Every structure is written in C-alpha cells, then in structure tokens.
Amino acid sequence: MATKIVFDKPKSMKEVPMHYCPGCGHGVIHRLICEVIDELGIREKAIGVAPVGCAVLAYDYWDFDVSEAAHGRAAAVATGIKRVWPDRLVVCYQGDGDLASIGMGETIHAANRGENITVIFVNNANYGMTGGQMAPTTLVGQKTPTTPQGRDPATMGFPLRVAEMLAGFPAVRYVVRTTVADFKGIIQTKMAIKKAFDLQMKGEGYTFVEILSNCNTNWEMSPGEANRFILETMVQTFPLGTFKDERVV
C-alpha cells in the first residue's frame, strides 16, 4: 500500500535546525510564511527582509531570497527593493524592539506612504535577543530586567498598540492582529498572512500582520504557561482582530 503524505516541510523552508528557544513562536511563524509562499506559487518572486533581533538569522531557514537590514531599517530596505522590483513579494519580518522602537520612524513613514509591502510584526512584549528588557509593547506591570518593579506608565509610558495606530493611516490597506498561542490562532495567522501576500501581489498597498508570540525564556515560564499568558492576559492590552481591510482611495 502506497504511503500518503499528509504533512511535510514546505519547499520554501530549509532542512536545518533552528536556533530559537524551545517553545518559541518564531519557528511556527517562519513555517506559516513558507507554507503561504508555496501555496501561492511565488517562491521565485519572494524577498524577505530580516531584522536585528531573535530573527536576525531568518535567512538561514527560508529557501528564498532574503536581505538583512540594519536595526530598525527593514521598512526602508523593503521600500527600496519593492520600488526596484515591483513584481516581487517583499516581506519585512520584525520584532517589537526592532519595529516599534528604533525602527518606528521607518515603520510610520512606509505605512503613511502606502508602500506596497507586507510587514510581519512579531510582538512578544520584550527585547528577546538581548535579555528581555522592556520594549515599547511591554505590558503595564510586566517585570523585565529594566523594569524590575513592573512597567509603570507614569514614568515609562503605556504599551504601543502599533496595529491600531497604523490602521488610522489613509494609505494603509490591511491591518490585522493574530496569535500563534493556540491552534485556532495559528490557522487565523496563516489566513491573515496569505491575504496580506495576495493583496500585495495584486498591488493593493501596505499590509500589516501583527502576531502575538511568546518569549517563554525571558518571561520565565514554560511554553504552555507563556501561551496561556498571551490568551488570558496579553490580549487584554492587544486585542485580536482585523483593524482595517479596505481599498485605499
């Protein structure tokens, strides 16, 4: 009897071990991106832009073209690539420190211009690669090495809701927030990525997918506890859903 393969590695993903901490959501998100690229048949047209952060080595895992960007500059690099090759799928992959702190200027202006790129924003509420310091998305009261008593909005401000902010820009086409903390969220995340990529390839403008992901190492939780923290606590500050889905006039 012939064996029927029902689950396999995406062709756009390399067969190599990943460096991410066990339980981290980056591996899941990397795979979803590759699955969508394969399903859309655009592997030879895909160009990723890797950040500085935990995903700085994304090019080691994706079997399509990837450019590295200086810290926070992914949107600027992606803009240049897309303008030179407008028929390519150009994807920024950024964490909350990279995108919402040092890269906030590039993020805002690329969105405000309506650049025809897709930004995948992985929000785990801390600077994961460098020890878990407070990020722009760290929750009120959340303890980190730089907020040992918990984030105090009186002196440290409130968490930035990037999806809600970008949704207000007239040139932005599609903004959604999902999670990979459970199976339902993973399916919804894949659907959101696929829609964002499809809209970009149709030339419809700037698309933004924010994904709530765990950082169980820096949160000092098990992967299961970290995922429950997302679903029970993090979503209260960062609610899931679609914030904009309309044609740019």
# chains A, B, ... in the order shown; residues from 1 in each chain; ligands from 1
>>> select_by_dssp(residues="stretch 95-184 of chain A", states="helix (DSSP H, G or I)", output="PyMOL selection string")
chain A and resi 96-102+104-113+153-156+162-167+183-184
>>> residues_around(residues="stretch 172-176 of chain A", least_positions_apart="4", cutoff="9 Å", atoms="only C-alpha atoms", output="number ranges by chain")
A: 111-115, 163-164, 166-168, 192, 195-196, 199, 204-211, 240-248
>>> select_by_dssp(residues="stretch 5-242 of chain A", states="strand (DSSP E)", output="ChimeraX atom specification")
/A:46-50,65-68,89-95,118-123,172-179,206-212,241-242
>>> closest_residue(among="A:Lys143, A:Arg83, A:His109, A:Arg177", to="A:Gly203", atoms="only C-alpha atoms")
A:Arg83
>>> closest_residue(among="A:Leu89, A:Cys24, A:Val180, A:Val52", to="A:Thr130", atoms="only C-alpha atoms")
A:Val52
>>> residues_around(residues="A:Lys194", least_positions_apart="4", cutoff="10 Å", atoms="only C-alpha atoms", output="VMD selection string")
chain A and resid 32 to 33 35 to 37 39 to 40 188 to 190 198 to 200
>>> residues_around(residues="A:Ala75", least_positions_apart="5", cutoff="8 Å", atoms="only C-alpha atoms", output="JSON, numbers by chain")
{"A": [92, 106, 107, 110, 119]}
>>> write_last_selection(atoms="N, CA and C atoms", output="short mmCIF file (atom, residue, chain, number, x, y, z; two decimals), in the first residue's frame")
data_model
loop_
_atom_site.label_atom_id
_atom_site.label_comp_id
_atom_site.auth_asym_id
_atom_site.auth_seq_id
_atom_site.Cartn_x
_atom_site.Cartn_y
_atom_site.Cartn_z
N CYS A 92 8.77 42.28 5.20
CA CYS A 92 9.55 42.64 6.39
C CYS A 92 9.14 41.71 7.53
N GLU A 106 10.84 54.53 10.43
CA GLU A 106 10.69 53.83 9.16
C GLU A 106 9.32 53.18 9.05
N THR A 107 8.84 52.60 10.14
CA THR A 107 7.54 51.94 10.15
C THR A 107 6.43 52.92 9.80
N ALA A 110 6.76 54.41 6.03
CA ALA A 110 6.44 53.44 4.98
C ALA A 110 4.94 53.20 4.92
N VAL A 119 4.38 43.73 6.17
CA VAL A 119 5.17 43.71 7.39
C VAL A 119 4.59 42.66 8.33
#
